[in-house]
Amino acid sequence: MDRFIEQAGLGQILAKVRNDERLTLDDGRALFHHPNILALGYLANMVRERKNGNQAYFIYNQHINYSNICTNLCKFCAFGKEKGHALAYEMSVEEVKDKVRQRLDEPISEIHMVGGIHPDLPFSYYLALLRGIKEVRPEVHIQAFTCVEIHHLAQLSGKPVDHTLRALVDAGLGSMPGGGAEVFSPRIRKMTCEKKLSGEGWLEVAKTAHRLGLRTNATMLYGHVETVDERLEHLDALRRAQDETQGFLAFIPLAFHPKNTELAHHATTTGINDLKNIAVSRLMLDNFPHIKAYWVMIGPKLAQVALAFGADDMDGTVKEEKITHMAGGESEQALGHKTLIRLIQEAGRQPVQRDTLYNVMATY
Amino acid sequence: MQAIIEKIEAGQRISGEEFLRLAQEASLHQLGFLANAVRMRLHPDPVVTYVIDRNINYTDICLSACKFCAFFKAPDEDGGYVLSQAELAQKIAETQALGGTQILLQGGLHPDLPFSFYEEMLRFMKKTGIHIHGFSPPEMVHFSRLSGLPIKEVVQRLMAAGLDSIPGGGAEILSDRVRRELAPNKCTAGQWIEVMEIAHALGLRTTATMMFGHVETMAERLEHLQRVRDLQDRTGGFTAFIPWPFQPDHTPLAAARNIEKTTAVSYLRMLGLSRIFLDNVPNIQASWVTQGPKIAQLSLFFGANDFGSTMIEENVVAAAGVRFQLSEEEIRRLVADAGFRPQQRLMDYTPV
């Protein structure tokens with residue numbers, strides 16, 4: 001098949017990928033602008049199989065969005081609401097515990113919990129959330145609070161980020177999700193999420209977490225007003241941070257969903273664009289162990305195909321996801337265990353149920 | 001495998017045995033690269049075509065009772081319909097207002113409408129000047145039985161009344177074992193091919209479809225493709241091949257046994273395999289109706305060079321629980337985003 005890659009004008013990149021050499025930003029640009037998605041997929045698949053063999057991971061998890069009240073009100077977000085808005089909500093610690101209690105009969109290994117930047121909930125609320133969940137389900141791993149929330153919580157606690165993180169870990173925090181990264185470029189943040197923590201600030205929080213031994217994920221929200229160069233700078237910043245700390249577990253490209261956002265005039269991302277972001281991420285982020293195809297965002301069909309275009313993880317069974325669905329995401333609310341396993345098997349991969357830190361819990 | 005790959009790259013035909021080997025062993029990437037090579041050889045210009053049309057199902061009353069169908073009403077069941085001329089006229093007017101050039105006209109196998117009903121329907125519709133792509137082979141066989149006329153005469157009389165071309169529906173899987181199991185009242189595989197051969201000889205262009213992903217084996221899919229390729233060698237009358245996976249929701253088949261919906265990867269593999277095997281059928285259509293816009297767009301790298309139709313109205317797949325909608329504008333955007341030039345076409349693939 002190498003001949004097809006050479007015919008597509010990607011012979012030099014193929015040689016680098018074969019030799020496990022780092023790709024330059026110029027290589028990344030050539031890949032993003034390349035018209036043949038098959039060639040990108042083939043190259044990304046080489047890296048994917050080198051790092052993760054034939055395995056495709058999924059997790060049995062529960063999503064809890066404790067509140068959508070947010071002072072940032074980013075233009076690409078349909079989830080965040082001002083306090084007092086008709087659709088605004090916040091859950092009490094008891095309500096969150098109830099959510100956990102309701103699903104105690106399921107083999108959930110991870111609770112994934114994120115919210116907004118709430119104007120007046122105290123730091124003690126967040127600690128109580130973590131403790132409350134652990135009370136109901138002591139064994140569960142809590143992956144919670146994006147770098148943006150952590151930065152906010154540090155301000156609430158009046159202590160530096162590392163002290164704040166230690167307090168959260170003591171209360172039950174196990175790892176952090178990758179949200180809030182959006183696109184690091186100051187131009188994009190000024191245009192779409194002026195009030196949000198800067199890209200540099202985001203990376204600083206992530207690296208601080210890594211130094212404390214917390215693993216975190218990273219994301220990139222693509223398909224709105226960002227340029228290819230801005231995507232590449234974002235990926236490069238993550239790659240440099242990972243060189244420093246080795247703390248990132250997975251990178252998750254997130255497809256922008258325009259419905260009900262201030263950028264609603266934008267078209268939804270296409271399948272080719274989704275696959276391109278997965279494939280190029282896999283090729284550029286040579287120091288990230290995992291690339292996730294988040295089916296909630298791109299649909300289960302494309303997420304399955306993505307397993308041959310660089311992705312090695314389909315995320316989880318996911319129920320009650322609100323952030324994408326409020327922005328018009330049309331994928332199912334939950335994929336059963338069996339469906340995920342079948343999608344992975346039909347893609348010719350071996351299904352591996354993992355925990356948050358990618359320890360193998362079961363293979364199928 | 002290497003020998004098969006080289007054969008395909010050199011533009012040679014593959015055998016059934018080689019097809020089965022590819023189906024078994026080729027990776028998704030390999031099938032994509034090879035199907036794309038065949039597609040680019042047949043259509044070197046980076047153009048992807050589509051047609052603006054509407055499905056009109058003149059009746060949902062059907063004798064056939066196929067187990068994979070969620071659309072039909074049995075003759076003794078309540079709620080079946082036959083469209084009136086006024087309803088037909090309105091649907092055609094709406095289609096033409098949207099720039100539509102053709103109607104895909106299909107029904108059930110109605111138990112007692114006389115043959116003259118169909119001739120009159122065509123004459124009435126034809127007054128609008130629209131292209132009528134109508135009556136799949138099972139309907140032709142049914143008309144022949146009801147009227148006692150030979151198939152050739154049925155087709156000739158419908159042509160005289162205004163029929164322009166024949167859709168490739170009702171092919172399902174062209175294997176009599178599968179047909180006996182799922183659609184015993186429907187025409188046989190041989191009859192399906194016979195109708196198409198007669199139509200081609202009379203100068204009608206037709207398409208061919210395949211509905212896969214239910215009870216058939218890969219060897220039976222091959223039998224289907226082999227029958228289509230053999231007929232095409234004799235007549236050259238097929239304009240396009242349209243494979244799409246069985247949609248199980250609300251069907252008697254899925255109620256009776258557990259049949260999982262074909263996944264996107266399996267769809268793309270079958271699409272690629274079809275493009276590679278059917279080297280004599282000029283066009284392969286993507287099925288956005290069953291796959292949605294993202295996978296349909298990706299299909300353009302797995303052998304498809306046509307986005308099918310805008311389907312202003314579609315009832316049969318919708319009855320099986322799948323509802324995607326795409327405007328002409330959205331089809332054009334998806335095609336352009338994939339690096340191809342979108343081009344509206346007619347049934348015979350002449351550009352509009």
# chains A, B, ... in the order shown; residues from 1 in each chain; ligands from 1
>>> residues_around(residues="A:Asp170", least_positions_apart="6", cutoff="12 Å", atoms="only C-alpha atoms", output="ChimeraX atom specification")
/A:126-128,130-131,134,142,163-164
>>> residues_around(residues="stretch 155-170 of chain B", least_positions_apart="4", cutoff="9 Å", atoms="only C-alpha atoms", output="JSON list (two decimals) with N, CA and C atoms, in the first residue's frame")
[["chain", "number", "residue", "atom", "x", "y", "z"],
["B", 104, "LEU", "N", -39.19, 8.89, -8.60],
["B", 104, "LEU", "CA", -38.98, 7.46, -8.42],
["B", 104, "LEU", "C", -40.32, 6.89, -7.96],
["B", 105, "LEU", "N", -40.96, 6.16, -8.84],
["B", 105, "LEU", "CA", -42.33, 5.71, -8.60],
["B", 105, "LEU", "C", -42.35, 4.23, -8.26],
["B", 106, "GLN", "N", -42.73, 3.94, -7.03],
["B", 106, "GLN", "CA", -42.79, 2.53, -6.65],
["B", 106, "GLN", "C", -43.94, 2.30, -5.70],
["B", 118, "TYR", "N", -52.18, 1.48, -14.00],
["B", 118, "TYR", "CA", -50.78, 1.91, -14.05],
["B", 118, "TYR", "C", -50.51, 2.70, -15.32],
["B", 119, "GLU", "N", -51.12, 2.23, -16.43],
["B", 119, "GLU", "CA", -50.96, 2.97, -17.69],
["B", 119, "GLU", "C", -51.55, 4.38, -17.56],
["B", 120, "GLU", "N", -52.72, 4.44, -16.94],
["B", 120, "GLU", "CA", -53.35, 5.76, -16.78],
["B", 120, "GLU", "C", -52.53, 6.66, -15.86],
["B", 121, "MET", "N", -51.99, 6.04, -14.78],
["B", 121, "MET", "CA", -51.19, 6.82, -13.83],
["B", 121, "MET", "C", -49.99, 7.44, -14.56],
["B", 122, "LEU", "N", -49.33, 6.63, -15.40],
["B", 122, "LEU", "CA", -48.17, 7.14, -16.12],
["B", 122, "LEU", "C", -48.58, 8.25, -17.09],
["B", 123, "ARG", "N", -49.66, 8.03, -17.83],
["B", 123, "ARG", "CA", -50.10, 9.05, -18.80],
["B", 123, "ARG", "C", -50.41, 10.36, -18.09],
["B", 124, "PHE", "N", -51.07, 10.22, -16.94],
["B", 124, "PHE", "CA", -51.42, 11.42, -16.17],
["B", 124, "PHE", "C", -50.16, 12.14, -15.69],
["B", 125, "MET", "N", -49.23, 11.38, -15.14],
["B", 125, "MET", "CA", -48.00, 11.99, -14.60],
["B", 125, "MET", "C", -47.16, 12.60, -15.71],
["B", 126, "LYS", "N", -47.17, 11.93, -16.85],
["B", 126, "LYS", "CA", -46.28, 12.33, -17.95],
["B", 126, "LYS", "C", -46.68, 13.69, -18.53],
["B", 131, "HIS", "N", -39.41, 13.15, -15.70],
["B", 131, "HIS", "CA", -38.86, 11.82, -15.99],
["B", 131, "HIS", "C", -39.44, 10.83, -14.98],
["B", 132, "ILE", "N", -39.97, 9.72, -15.48],
["B", 132, "ILE", "CA", -40.53, 8.72, -14.56],
["B", 132, "ILE", "C", -39.65, 7.49, -14.52],
["B", 133, "HIS", "N", -39.04, 7.32, -13.34],
["B", 133, "HIS", "CA", -38.15, 6.20, -13.05],
["B", 133, "HIS", "C", -39.02, 5.29, -12.19],
["B", 134, "GLY", "N", -39.62, 4.27, -12.83],
["B", 134, "GLY", "CA", -40.69, 3.61, -12.08],
["B", 134, "GLY", "C", -40.77, 2.10, -12.20],
["B", 135, "PHE", "N", -41.38, 1.49, -11.24],
["B", 135, "PHE", "CA", -41.76, 0.07, -11.19],
["B", 135, "PHE", "C", -40.55, -0.86, -11.21],
["B", 136, "SER", "N", -40.22, -1.37, -10.08],
["B", 136, "SER", "CA", -39.10, -2.31, -9.99],
["B", 136, "SER", "C", -39.52, -3.66, -10.57],
["B", 137, "PRO", "N", -38.57, -4.55, -10.85],
["B", 137, "PRO", "CA", -38.90, -5.84, -11.46],
["B", 137, "PRO", "C", -40.00, -6.63, -10.73],
["B", 138, "PRO", "N", -40.05, -6.67, -9.40],
["B", 138, "PRO", "CA", -41.16, -7.42, -8.79],
["B", 138, "PRO", "C", -42.53, -6.86, -9.20],
["B", 139, "GLU", "N", -42.63, -5.55, -9.39],
["B", 139, "GLU", "CA", -43.90, -4.99, -9.84],
["B", 139, "GLU", "C", -44.20, -5.42, -11.28],
["B", 140, "MET", "N", -43.18, -5.43, -12.13],
["B", 140, "MET", "CA", -43.37, -5.84, -13.52],
["B", 140, "MET", "C", -43.86, -7.29, -13.59],
["B", 150, "PRO", "N", -47.30, -11.07, -21.37],
["B", 150, "PRO", "CA", -45.88, -11.37, -21.14],
["B", 150, "PRO", "C", -45.13, -10.12, -20.66],
["B", 151, "ILE", "N", -44.00, -10.34, -19.96],
["B", 151, "ILE", "CA", -43.26, -9.22, -19.37],
["B", 151, "ILE", "C", -42.87, -8.19, -20.44],
["B", 186, "LYS", "N", -42.09, -12.82, -3.59],
["B", 186, "LYS", "CA", -41.48, -11.88, -4.53],
["B", 186, "LYS", "C", -40.88, -12.64, -5.69],
["B", 187, "CYS", "N", -40.66, -11.95, -6.82],
["B", 187, "CYS", "CA", -40.09, -12.62, -7.98],
["B", 187, "CYS", "C", -38.74, -13.26, -7.64],
["B", 192, "TRP", "N", -35.95, -11.42, -11.78],
["B", 192, "TRP", "CA", -35.47, -10.02, -11.63],
["B", 192, "TRP", "C", -34.52, -9.69, -12.77],
["B", 195, "VAL", "N", -36.41, -9.44, -16.20],
["B", 195, "VAL", "CA", -37.09, -8.16, -16.43],
["B", 195, "VAL", "C", -36.08, -7.12, -16.88],
["B", 196, "MET", "N", -34.94, -7.07, -16.18],
["B", 196, "MET", "CA", -33.94, -6.06, -16.52],
["B", 196, "MET", "C", -33.37, -6.31, -17.92],
["B", 198, "ILE", "N", -34.90, -7.74, -20.45],
["B", 198, "ILE", "CA", -35.92, -7.32, -21.43],
["B", 198, "ILE", "C", -35.95, -5.80, -21.54],
["B", 199, "ALA", "N", -35.93, -5.13, -20.39],
["B", 199, "ALA", "CA", -35.98, -3.66, -20.39],
["B", 199, "ALA", "C", -34.78, -3.08, -21.13],
["B", 202, "LEU", "N", -35.14, -3.35, -24.74],
["B", 202, "LEU", "CA", -36.10, -2.39, -25.27],
["B", 202, "LEU", "C", -35.57, -0.96, -25.21],
["B", 204, "LEU", "N", -34.48, 0.67, -22.40],
["B", 204, "LEU", "CA", -34.62, 1.37, -21.12],
["B", 204, "LEU", "C", -33.33, 1.23, -20.32],
["B", 205, "ARG", "N", -32.91, 2.31, -19.68],
["B", 205, "ARG", "CA", -31.80, 2.21, -18.73],
["B", 205, "ARG", "C", -32.38, 1.88, -17.35],
["B", 206, "THR", "N", -31.63, 1.15, -16.58],
["B", 206, "THR", "CA", -32.09, 0.81, -15.23],
["B", 206, "THR", "C", -30.92, 0.89, -14.26],
["B", 207, "THR", "N", -31.24, 0.85, -12.98],
["B", 207, "THR", "CA", -30.20, 0.73, -11.96],
["B", 207, "THR", "C", -30.31, -0.65, -11.33],
["B", 208, "ALA", "N", -29.38, -0.97, -10.45],
["B", 208, "ALA", "CA", -29.47, -2.21, -9.67],
["B", 208, "ALA", "C", -29.14, -1.87, -8.23],
["B", 209, "THR", "N", -29.86, -2.51, -7.32],
["B", 209, "THR", "CA", -29.58, -2.29, -5.90],
["B", 209, "THR", "C", -29.19, -3.61, -5.25],
["B", 210, "MET", "N", -28.73, -3.51, -4.03],
["B", 210, "MET", "CA", -28.53, -4.71, -3.21],
["B", 210, "MET", "C", -28.80, -4.33, -1.76],
["B", 211, "MET", "N", -29.69, -5.07, -1.12],
["B", 211, "MET", "CA", -29.91, -4.86, 0.31],
["B", 211, "MET", "C", -29.25, -6.00, 1.08],
["B", 238, "PHE", "N", -27.30, -1.16, -17.23],
["B", 238, "PHE", "CA", -27.33, -0.57, -15.88],
["B", 238, "PHE", "C", -26.54, 0.74, -15.86],
["B", 240, "ALA", "N", -26.21, 2.41, -12.80],
["B", 240, "ALA", "CA", -25.60, 2.54, -11.47],
["B", 240, "ALA", "C", -25.95, 1.35, -10.61],
["B", 241, "PHE", "N", -25.10, 1.15, -9.61],
["B", 241, "PHE", "CA", -25.33, 0.12, -8.60],
["B", 241, "PHE", "C", -25.41, 0.82, -7.24],
["B", 242, "ILE", "N", -26.40, 0.41, -6.45],
["B", 242, "ILE", "CA", -26.65, 1.08, -5.17],
["B", 242, "ILE", "C", -26.78, 0.02, -4.07],
["B", 347, "MET", "N", -31.31, 10.95, -14.76],
["B", 347, "MET", "CA", -31.22, 9.52, -14.48],
["B", 347, "MET", "C", -30.09, 8.87, -15.27],
["B", 348, "ASP", "N", -29.92, 9.28, -16.53],
["B", 348, "ASP", "CA", -28.89, 8.65, -17.37],
["B", 348, "ASP", "C", -27.51, 9.31, -17.19]]
>>> closest_atom_pairs(of="chain A", to="chain B", cutoff="6 Å", atoms="only C-alpha atoms", output="tab-separated table")
residue	atom	partner	partner_atom	distance
A:Thr270	CA	B:Lys294	CA	5.8
A:Gly271	CA	B:Lys294	CA	4.0
A:Lys301	CA	B:Ala264	CA	5.2
A:Val305	CA	B:Val265	CA	5.7
A:Ala347	CA	B:Val265	CA	5.9
>>> residues_around(residues="A:Lys97", least_positions_apart="5", cutoff="7 Å", atoms="only C-alpha atoms", output="list of chain:residue names")
A:Gly132, A:Ile133, A:Val136
>>> select_by_dssp(residues="stretch 245-308 of chain B", states="strand (DSSP E or B)", output="number ranges by chain")
B: 245, 283-285, 306-308
>>> residues_around(residues="stretch 107-112 of chain B", least_positions_apart="2", cutoff="6 Å", atoms="only C-alpha atoms", output="PDB file with N, CA and C atoms, in the first residue's frame")
ATOM      1  N   ASN B  57     -44.508   6.714  -3.490  1.00  0.00           N
ATOM      2  CA  ASN B  57     -44.992   5.350  -3.299  1.00  0.00           C
ATOM      3  C   ASN B  57     -46.494   5.397  -3.504  1.00  0.00           C
ATOM      4  N   TYR B  58     -46.922   4.995  -4.715  1.00  0.00           N
ATOM      5  CA  TYR B  58     -48.334   5.191  -5.082  1.00  0.00           C
ATOM      6  C   TYR B  58     -49.271   4.368  -4.222  1.00  0.00           C
ATOM      7  N   THR B  59     -48.772   3.259  -3.663  1.00  0.00           N
ATOM      8  CA  THR B  59     -49.562   2.506  -2.686  1.00  0.00           C
ATOM      9  C   THR B  59     -48.629   1.812  -1.711  1.00  0.00           C
ATOM     10  N   ASP B  60     -49.112   1.602  -0.496  1.00  0.00           N
ATOM     11  CA  ASP B  60     -48.323   0.799   0.447  1.00  0.00           C
ATOM     12  C   ASP B  60     -48.971  -0.567   0.660  1.00  0.00           C
ATOM     13  N   ILE B  61     -50.042  -0.825  -0.098  1.00  0.00           N
ATOM     14  CA  ILE B  61     -50.725  -2.113   0.032  1.00  0.00           C
ATOM     15  C   ILE B  61     -49.940  -3.133  -0.786  1.00  0.00           C
ATOM     16  N   CYS B  62     -49.602  -4.244  -0.160  1.00  0.00           N
ATOM     17  CA  CYS B  62     -48.666  -5.147  -0.831  1.00  0.00           C
ATOM     18  C   CYS B  62     -48.913  -6.600  -0.449  1.00  0.00           C
ATOM     19  N   LEU B  63     -48.944  -7.426  -1.497  1.00  0.00           N
ATOM     20  CA  LEU B  63     -49.133  -8.871  -1.349  1.00  0.00           C
ATOM     21  C   LEU B  63     -47.879  -9.599  -0.901  1.00  0.00           C
TER      22      LEU B  63
END
>>> residues_around(residues="B:Tyr349", least_positions_apart="2", cutoff="9 Å", atoms="only C-alpha atoms", output="count of residues only")
11
>>> residues_around(residues="A:Thr261", least_positions_apart="5", cutoff="7 Å", atoms="only C-alpha atoms", output="number ranges by chain")
A: 75-78, 327
>>> closest_residue(among="B:Ala201, B:Met218, B:Val47, B:Val154", to="B:Ala336", atoms="only C-alpha atoms")
B:Val47
>>> residues_around(residues="B:Glu216", least_positions_apart="6", cutoff="9 Å", atoms="only C-alpha atoms", output="list in words")
Ile173, Ser175, Arg177 and Val178 of chain B
>>> write_last_selection(atoms="C-alpha atoms", output="CSV table (one decimal), in the first residue's frame")
chain,number,residue,atom,x,y,z
B,173,ILE,CA,-30.1,-10.4,-2.5
B,175,SER,CA,-30.1,-15.6,-4.4
B,177,ARG,CA,-32.2,-19.3,-1.0
B,178,VAL,CA,-32.3,-15.9,0.6
>>> select_by_dssp(residues="stretch 203-304 of chain B", states="alpha helix (DSSP H)", output="ChimeraX atom specification")
/B:218-235,252-256,264-277,288-299
>>> write_last_selection(atoms="N, CA and C atoms", output="compact mmCIF listing (two decimals), in the first residue's frame")
# COMPACT_ATOMS: atom_id res chain seq x y z
N MET B 218 -21.61 -14.10 2.64
CA MET B 218 -20.78 -13.36 1.69
C MET B 218 -20.84 -14.01 0.31
N ALA B 219 -20.93 -15.34 0.28
CA ALA B 219 -21.01 -16.03 -1.01
C ALA B 219 -22.30 -15.64 -1.75
N GLU B 220 -23.37 -15.41 -0.98
CA GLU B 220 -24.63 -15.00 -1.62
C GLU B 220 -24.57 -13.55 -2.10
N ARG B 221 -23.83 -12.72 -1.39
CA ARG B 221 -23.60 -11.36 -1.91
C ARG B 221 -22.83 -11.44 -3.22
N LEU B 222 -21.88 -12.35 -3.26
CA LEU B 222 -21.11 -12.53 -4.49
C LEU B 222 -22.02 -13.00 -5.62
N GLU B 223 -22.93 -13.94 -5.32
CA GLU B 223 -23.86 -14.43 -6.35
C GLU B 223 -24.65 -13.25 -6.93
N HIS B 224 -25.07 -12.36 -6.05
CA HIS B 224 -25.81 -11.16 -6.47
C HIS B 224 -24.97 -10.31 -7.44
N LEU B 225 -23.76 -10.01 -7.00
CA LEU B 225 -22.89 -9.17 -7.83
C LEU B 225 -22.56 -9.85 -9.15
N GLN B 226 -22.38 -11.18 -9.09
CA GLN B 226 -22.05 -11.93 -10.31
C GLN B 226 -23.20 -11.84 -11.32
N ARG B 227 -24.45 -11.99 -10.83
CA ARG B 227 -25.60 -11.90 -11.73
C ARG B 227 -25.69 -10.52 -12.38
N VAL B 228 -25.42 -9.48 -11.58
CA VAL B 228 -25.47 -8.11 -12.11
C VAL B 228 -24.36 -7.90 -13.14
N ARG B 229 -23.16 -8.38 -12.81
CA ARG B 229 -22.03 -8.17 -13.73
C ARG B 229 -22.23 -8.94 -15.03
N ASP B 230 -22.77 -10.17 -14.92
CA ASP B 230 -23.00 -10.98 -16.12
C ASP B 230 -24.02 -10.31 -17.04
N LEU B 231 -25.13 -9.82 -16.44
CA LEU B 231 -26.13 -9.16 -17.28
C LEU B 231 -25.56 -7.90 -17.91
N GLN B 232 -24.79 -7.17 -17.13
CA GLN B 232 -24.21 -5.94 -17.66
C GLN B 232 -23.27 -6.24 -18.82
N ASP B 233 -22.57 -7.37 -18.77
CA ASP B 233 -21.71 -7.76 -19.90
C ASP B 233 -22.57 -7.98 -21.15
N ARG B 234 -23.78 -8.54 -20.94
CA ARG B 234 -24.64 -8.81 -22.11
C ARG B 234 -25.31 -7.56 -22.65
N THR B 235 -25.74 -6.64 -21.76
CA THR B 235 -26.59 -5.53 -22.20
C THR B 235 -25.98 -4.14 -22.03
N PRO B 252 -40.66 -7.17 10.56
CA PRO B 252 -40.98 -8.50 11.10
C PRO B 252 -39.73 -9.36 11.27
N LEU B 253 -38.76 -9.20 10.38
CA LEU B 253 -37.54 -10.00 10.47
C LEU B 253 -36.80 -9.74 11.79
N ALA B 254 -36.66 -8.46 12.13
CA ALA B 254 -35.94 -8.12 13.36
C ALA B 254 -36.75 -8.50 14.59
N ALA B 255 -38.09 -8.55 14.45
CA ALA B 255 -38.92 -8.98 15.57
C ALA B 255 -38.76 -10.48 15.80
N ALA B 256 -38.57 -11.22 14.71
CA ALA B 256 -38.51 -12.68 14.81
C ALA B 256 -37.14 -13.17 15.25
N ALA B 264 -21.02 0.92 10.11
CA ALA B 264 -20.46 1.77 9.06
C ALA B 264 -19.26 1.12 8.39
N VAL B 265 -18.41 0.47 9.18
CA VAL B 265 -17.23 -0.17 8.60
C VAL B 265 -17.66 -1.27 7.62
N SER B 266 -18.64 -2.07 8.01
CA SER B 266 -19.09 -3.14 7.11
C SER B 266 -19.73 -2.56 5.85
N TYR B 267 -20.45 -1.45 6.00
CA TYR B 267 -21.02 -0.79 4.83
C TYR B 267 -19.92 -0.33 3.88
N LEU B 268 -18.92 0.36 4.41
CA LEU B 268 -17.85 0.89 3.56
C LEU B 268 -17.09 -0.25 2.87
N ARG B 269 -16.89 -1.34 3.59
CA ARG B 269 -16.22 -2.50 2.99
C ARG B 269 -17.03 -3.03 1.80
N MET B 270 -18.34 -3.18 2.01
CA MET B 270 -19.19 -3.73 0.93
C MET B 270 -19.25 -2.78 -0.25
N LEU B 271 -19.30 -1.50 0.04
CA LEU B 271 -19.31 -0.51 -1.04
C LEU B 271 -18.03 -0.64 -1.87
N GLY B 272 -16.90 -0.71 -1.18
CA GLY B 272 -15.62 -0.84 -1.88
C GLY B 272 -15.54 -2.13 -2.68
N LEU B 273 -15.97 -3.22 -2.07
CA LEU B 273 -15.95 -4.51 -2.77
C LEU B 273 -16.83 -4.47 -4.02
N SER B 274 -17.99 -3.81 -3.92
CA SER B 274 -18.88 -3.69 -5.08
C SER B 274 -18.21 -2.93 -6.21
N ARG B 275 -17.56 -1.82 -5.85
CA ARG B 275 -16.89 -0.99 -6.87
C ARG B 275 -15.80 -1.81 -7.57
N ILE B 276 -15.07 -2.60 -6.79
CA ILE B 276 -13.97 -3.38 -7.35
C ILE B 276 -14.52 -4.49 -8.25
N PHE B 277 -15.56 -5.18 -7.80
CA PHE B 277 -16.05 -6.34 -8.56
C PHE B 277 -16.83 -5.92 -9.81
N TRP B 288 -26.74 7.90 1.58
CA TRP B 288 -26.84 8.78 2.75
C TRP B 288 -28.12 8.54 3.51
N VAL B 289 -29.13 8.00 2.82
CA VAL B 289 -30.41 7.77 3.49
C VAL B 289 -30.25 6.78 4.64
N THR B 290 -29.41 5.76 4.45
CA THR B 290 -29.21 4.81 5.54
C THR B 290 -27.97 5.14 6.38
N GLN B 291 -26.98 5.83 5.82
CA GLN B 291 -25.71 6.02 6.53
C GLN B 291 -25.53 7.39 7.16
N GLY B 292 -26.35 8.36 6.74
CA GLY B 292 -26.16 9.71 7.25
C GLY B 292 -25.08 10.44 6.48
N PRO B 293 -24.99 11.76 6.66
CA PRO B 293 -24.10 12.57 5.84
C PRO B 293 -22.61 12.27 6.04
N LYS B 294 -22.19 11.93 7.26
CA LYS B 294 -20.74 11.77 7.50
C LYS B 294 -20.19 10.55 6.77
N ILE B 295 -20.86 9.41 6.93
CA ILE B 295 -20.37 8.20 6.27
C ILE B 295 -20.60 8.29 4.77
N ALA B 296 -21.70 8.93 4.35
CA ALA B 296 -21.94 9.08 2.90
C ALA B 296 -20.81 9.88 2.27
N GLN B 297 -20.35 10.91 2.97
CA GLN B 297 -19.25 11.70 2.42
C GLN B 297 -17.98 10.84 2.31
N LEU B 298 -17.73 10.07 3.32
CA LEU B 298 -16.56 9.19 3.32
C LEU B 298 -16.66 8.13 2.21
N SER B 299 -17.90 7.76 1.85
CA SER B 299 -18.12 6.78 0.78
C SER B 299 -17.44 7.20 -0.52
